[in-house]
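Enquirer: Structure in structure tokens, see below.
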Amino acid sequence: MKKLVSMLLCLCLVLSLTAFAAAEGYTAGTYEGKGAGRNGDIVNKEGKRYVNETERRDVLAAAALKQTDGIFYIISSTQNNDLDENGYNSYGLHIDDLVAAGEVYRADTL
């Protein structure tokens, strides 16, 4: 029992909240950023930045939960995404398919 408790304690120290997720209608692999602080601006439904994007995951997650409906958006660009030269992300999903499915949005300007 002591060994099991120690293993669980070690596991808990390694786990952290992932701030970028969706509760429903989410396809794994739609997120296109390159890691904290390099993703682009994070804005809420009102279009306002509410957190420093270089903060730890727990800070990002806590701030996201305080937003209207717990919803936020990551504004990415061709300079800071993980798409290959053919428009595929690291999960093998094509950006045009993600846009068509309404899982990511594309715009020419803010």
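Scheme for the structure tokens: letters A, B, ... for chains in order shown; per-chain residue numbers from 1; ligand numbers from 1 in order shown.
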I need the residues in segment 42-79 of chain A that are strand (DSSP E) according to DSSP; give them as a PyMOL selection string.

Expert: chain A and resi 42-44+72-75

Enquirer: Could you give me, as an MDAnalysis selection string, the residues within 12 Å of Asn44 of chain A, counting only C-alpha atoms and dropping anything in the same chain fewer than 2 positions from it?

Expert: chainID A and resid 41:42 46:51 63:75

Enquirer: Between A:Gly102, A:His94, A:Gly40, A:Ala61, which residue has the minimum interatomic distance to Asn81 of chain A, considering only C-alpha atoms?

Expert: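 The closest residue to Asn81 of chain A is A:Gly40.
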